[in-house]
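To be precise, the following lines are final_38.tsv, and they hold TSV, C-alpha atoms.
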chain	number	residue	atom	x	y	z
A	1	MET	CA	47.90	20.45	126.43
A	2	ARG	CA	51.31	20.72	128.05
A	3	LEU	CA	54.56	19.37	126.68
A	4	PHE	CA	57.50	19.15	129.08
A	5	GLY	CA	55.66	21.48	131.42
A	6	ILE	CA	55.25	24.12	128.68
A	7	SER	CA	51.92	25.15	127.19
A	8	ARG	CA	51.27	24.44	123.51
A	9	TYR	CA	51.37	28.20	122.73
A	10	LYS	CA	54.77	28.66	124.39
A	11	SER	CA	56.06	25.50	122.72
A	12	CYS	CA	55.04	26.80	119.26
A	13	LEU	CA	56.48	30.21	120.03
A	14	MET	CA	59.80	28.65	121.06
A	15	MET	CA	59.93	26.61	117.82
A	16	VAL	CA	59.31	29.72	115.70
A	17	LEU	CA	61.99	31.66	117.56
A	18	LEU	CA	64.43	28.76	117.18
A	19	GLN	CA	63.75	28.57	113.44
A	20	LEU	CA	64.20	32.34	113.03
A	21	GLY	CA	67.43	32.18	114.98
A	22	LEU	CA	68.77	29.38	112.79
A	23	LEU	CA	67.66	31.24	109.68
A	24	ALA	CA	69.52	34.36	110.81
A	25	LEU	CA	72.59	32.29	111.67
A	26	PHE	CA	72.81	30.65	108.23
A	27	THR	CA	71.69	33.59	106.06
A	28	PRO	CA	74.52	35.47	104.36
A	29	SER	CA	74.85	39.04	105.56
A	30	VAL	CA	75.13	40.43	102.02
A	31	ALA	CA	72.49	39.35	99.53
A	32	HIS	CA	72.88	39.67	95.78
A	33	ALA	CA	70.56	39.22	92.85
A	34	GLU	CA	71.83	36.17	91.03
A	35	TYR	CA	70.12	37.03	87.79
A	36	GLY	CA	69.61	40.75	88.33
A	37	ASP	CA	67.15	43.23	86.90
A	38	VAL	CA	67.55	44.69	83.43
A	39	VAL	CA	66.91	48.42	82.96
A	40	LEU	CA	65.72	49.34	79.47
A	41	ASN	CA	65.94	53.03	78.72
A	42	THR	CA	67.04	53.27	75.11
A	43	ARG	CA	63.83	55.00	74.01
A	44	ALA	CA	61.55	55.18	77.05
A	45	GLU	CA	62.43	58.62	78.39
A	46	GLU	CA	62.68	60.08	74.90
A	47	ALA	CA	59.05	58.98	74.48
A	48	GLY	CA	58.03	60.56	77.80
A	49	MET	CA	57.87	57.27	79.71
A	50	ARG	CA	59.82	55.99	82.70
A	51	PRO	CA	62.52	53.38	82.03
A	52	VAL	CA	61.44	49.73	81.93
A	53	ILE	CA	62.57	47.48	84.76
A	54	PHE	CA	62.64	43.90	83.52
A	55	PRO	CA	62.91	41.54	86.52
A	56	HIS	CA	65.01	38.85	84.86
A	57	TRP	CA	65.33	36.91	88.13
A	58	PHE	CA	61.52	36.76	88.48
A	59	HIS	CA	61.11	35.31	85.00
A	60	ARG	CA	64.12	33.02	85.41
A	61	ILE	CA	62.77	31.26	88.50
A	62	ARG	CA	59.56	30.47	86.61
A	63	PHE	CA	60.87	29.58	83.16
A	64	LYS	CA	63.88	27.86	81.66
A	65	CYS	CA	66.23	30.10	79.65
A	66	LYS	CA	65.09	28.57	76.36
A	67	VAL	CA	61.54	29.89	76.74
A	68	CYS	CA	62.59	33.49	76.14
A	69	HIS	CA	66.02	33.06	74.58
A	70	THR	CA	65.04	30.42	72.02
A	71	GLU	CA	61.28	30.27	71.65
A	72	LEU	CA	60.67	34.04	71.87
A	73	GLY	CA	63.90	35.04	70.14
A	74	PHE	CA	65.57	37.23	72.77
A	75	GLU	CA	69.34	37.30	72.34
A	76	MET	CA	71.24	36.22	75.43
A	77	ARG	CA	73.07	39.52	75.88
A	78	ALA	CA	71.77	42.62	77.61
A	79	GLY	CA	71.16	45.44	75.15
A	80	ALA	CA	71.19	43.16	72.09
A	81	ASN	CA	67.43	43.18	71.56
A	82	GLU	CA	65.44	45.95	69.93
A	83	ILE	CA	62.17	45.95	71.84
A	84	LEU	CA	59.45	48.20	70.46
A	85	MET	CA	56.03	48.84	72.00
A	86	ALA	CA	54.44	48.28	68.59
A	87	ASP	CA	55.88	44.75	68.57
A	88	ILE	CA	54.67	44.06	72.12
A	89	ILE	CA	51.16	45.27	71.22
A	90	ASP	CA	51.27	43.02	68.12
A	91	GLY	CA	52.03	40.00	70.35
A	92	LYS	CA	55.74	39.75	69.65
A	93	MET	CA	58.62	39.66	72.14
A	94	CYS	CA	57.20	40.46	75.62
A	95	GLY	CA	53.72	40.57	74.10
A	96	ARG	CA	53.72	36.80	73.58
A	97	CYS	CA	52.97	36.45	77.30
A	98	HIS	CA	51.97	39.99	78.30
A	99	ASN	CA	48.65	39.78	76.46
A	100	ASN	CA	46.08	39.90	79.30
A	101	ASN	CA	45.74	36.11	79.12
A	102	ILE	CA	49.04	34.83	80.49
A	103	ALA	CA	50.18	38.06	82.15
A	104	TRP	CA	49.02	41.68	82.23
A	105	GLY	CA	48.78	43.42	78.90
A	106	PRO	CA	50.61	46.43	77.47
A	107	GLN	CA	47.89	48.87	78.54
A	108	ASN	CA	49.24	48.58	82.12
A	109	CYS	CA	52.20	50.84	81.31
A	110	HIS	CA	53.26	51.52	84.90
A	111	LEU	CA	53.88	47.84	85.65
A	112	CYS	CA	56.86	47.73	83.28
A	113	HIS	CA	57.73	51.41	82.98
A	114	SER	CA	58.50	51.68	86.68
A	115	GLY	CA	62.14	52.82	86.75
A	116	LEU	CA	63.26	56.11	88.18
A	117	PRO	CA	63.93	58.78	85.56
A	118	GLY	CA	67.57	58.92	84.57
A	119	LEU	CA	68.37	55.23	84.99
A	120	LYS	CA	70.76	54.04	82.32
A	121	THR	CA	70.20	50.86	80.30
A	122	GLY	CA	72.01	47.90	81.81
A	123	ILE	CA	71.91	45.15	84.42
A	124	ARG	CA	71.36	45.95	88.07
A	125	GLY	CA	72.15	43.35	90.71
A	126	GLY	CA	74.11	40.34	89.53
A	127	ASP	CA	75.32	40.32	85.96
A	128	SER	CA	76.36	36.70	85.90
A	129	THR	CA	74.73	33.43	86.78
A	130	GLY	CA	75.92	30.94	89.34
A	131	GLY	CA	75.60	28.24	86.69
A	132	PRO	CA	78.19	26.46	84.54
A	133	GLY	CA	78.81	29.36	82.18
A	134	LYS	CA	78.44	33.10	81.82
A	135	TRP	CA	75.89	34.63	79.49
As structure tokens, how would this structure be written, given the file I've shared?
Amino acid sequence: MRLFGISRYKSCLMMVLLQLGLLALFTPSVAHAEYGDVVLNTRAEEAGMRPVIFPHWFHRIRFKCKVCHTELGFEMRAGANEILMADIIDGKMCGRCHNNNIAWGPQNCHLCHSGLPGLKTGIRGGDSTGGPGKW
């Protein structure tokens, strides 16, 4: 089928290229992580493990703040929570979801303990939200 003298394939190709061009035109040149990643290395390296990288942004786009910060009891300040593997294994804190039913379980160490050795505890990426208040 031809549209305006152009084959369907070329027409589709032109639409894709136009969309990519518009996307590039309206995409900011510098990206930032709105909610950032949290590095947890208070005890990890001392125990012979890599630091934990907690992808806060990944959890935040799937759940409302209250799920973790009210229902699971995480304080809303980086570094304010004492997170122990024993608690996670017992189904507390991260272990409420990371239990092999909702998400992978604690036996998959490398999925959380994925930071490069030497990373310091803290927030990487954005350390504030774009919302009405700071946390």
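CA of Ile123 in chain A to CA of Thr42 in chain A spans 13.3 Å [interatomic distance, one decimal].
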Skipping near chain neighbours, those fewer than 5 positions away, what residues fall within 12 Å of Trp104 in chain A using all atoms listed in the file, listed as a ChimeraX atom specification?
/A:88-89,94-99,109-112
For the residues in the current selection, export C-alpha atoms as a PDB file, keeping the file's coordinate frame.
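Saved file again.pdb follows:
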ATOM      1  CA  ILE A  88      54.670  44.060  72.120  1.00  0.00           C
ATOM      2  CA  ILE A  89      51.160  45.270  71.220  1.00  0.00           C
ATOM      3  CA  CYS A  94      57.200  40.460  75.620  1.00  0.00           C
ATOM      4  CA  GLY A  95      53.720  40.570  74.100  1.00  0.00           C
ATOM      5  CA  ARG A  96      53.720  36.800  73.580  1.00  0.00           C
ATOM      6  CA  CYS A  97      52.970  36.450  77.300  1.00  0.00           C
ATOM      7  CA  HIS A  98      51.970  39.990  78.300  1.00  0.00           C
ATOM      8  CA  ASN A  99      48.650  39.780  76.460  1.00  0.00           C
ATOM      9  CA  CYS A 109      52.200  50.840  81.310  1.00  0.00           C
ATOM     10  CA  HIS A 110      53.260  51.520  84.900  1.00  0.00           C
ATOM     11  CA  LEU A 111      53.880  47.840  85.650  1.00  0.00           C
ATOM     12  CA  CYS A 112      56.860  47.730  83.280  1.00  0.00           C
TER      13      CYS A 112
END
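Residues in contact with range 68-85 of chain A at up to 10 Å, not including ones fewer than 6 positions away on its chain and judged by only C-alpha atoms, are Val38, Val39, Leu40, Asn41, Thr42, Arg43, Ala44, His59, Arg60, Gly91, Lys92, Met93, Cys94, Gly95, Arg96, Cys97, Pro106, Thr121, Gly122, Ile123, Asp127 and Trp135 of chain A.
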Next, write the just-selected residues to a file, as a compact mmCIF listing (two decimals), in the coordinates of the input, keeping C-alpha atoms as the atom set.
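Generated output (again_1.txt):
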# COMPACT_ATOMS: atom_id res chain seq x y z
CA VAL A 38 67.55 44.69 83.43
CA VAL A 39 66.91 48.42 82.96
CA LEU A 40 65.72 49.34 79.47
CA ASN A 41 65.94 53.03 78.72
CA THR A 42 67.04 53.27 75.11
CA ARG A 43 63.83 55.00 74.01
CA ALA A 44 61.55 55.18 77.05
CA HIS A 59 61.11 35.31 85.00
CA ARG A 60 64.12 33.02 85.41
CA GLY A 91 52.03 40.00 70.35
CA LYS A 92 55.74 39.75 69.65
CA MET A 93 58.62 39.66 72.14
CA CYS A 94 57.20 40.46 75.62
CA GLY A 95 53.72 40.57 74.10
CA ARG A 96 53.72 36.80 73.58
CA CYS A 97 52.97 36.45 77.30
CA PRO A 106 50.61 46.43 77.47
CA THR A 121 70.20 50.86 80.30
CA GLY A 122 72.01 47.90 81.81
CA ILE A 123 71.91 45.15 84.42
CA ASP A 127 75.32 40.32 85.96
CA TRP A 135 75.89 34.63 79.49
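The interatomic distance for the pair CA of Pro55 in chain A and CA of Gly36 in chain A works out to 7.0 Å.
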Can you tell me which residues surround range 46-50 of chain A at a distance of at most 9 Å, considering only C-alpha atoms, apart from same-chain residues fewer than 6 positions away, and format the answer as a ChimeraX atom specification?
/A:109-110,112-119
So how many Å separate CA of Lys64 in chain A and CA of Asp87 in chain A, to one decimal?
22.8 Å
Hey, can I get the axis-aligned box for range 76-83 of chain A? All listed atoms, 3 Å padding on each side, centre and edge lengths in Å to one decimal, as lines of an AutoDock Vina configuration file.
center_x = 67.6
center_y = 41.1
center_z = 73.8
size_x = 16.9
size_y = 15.7
size_z = 13.7
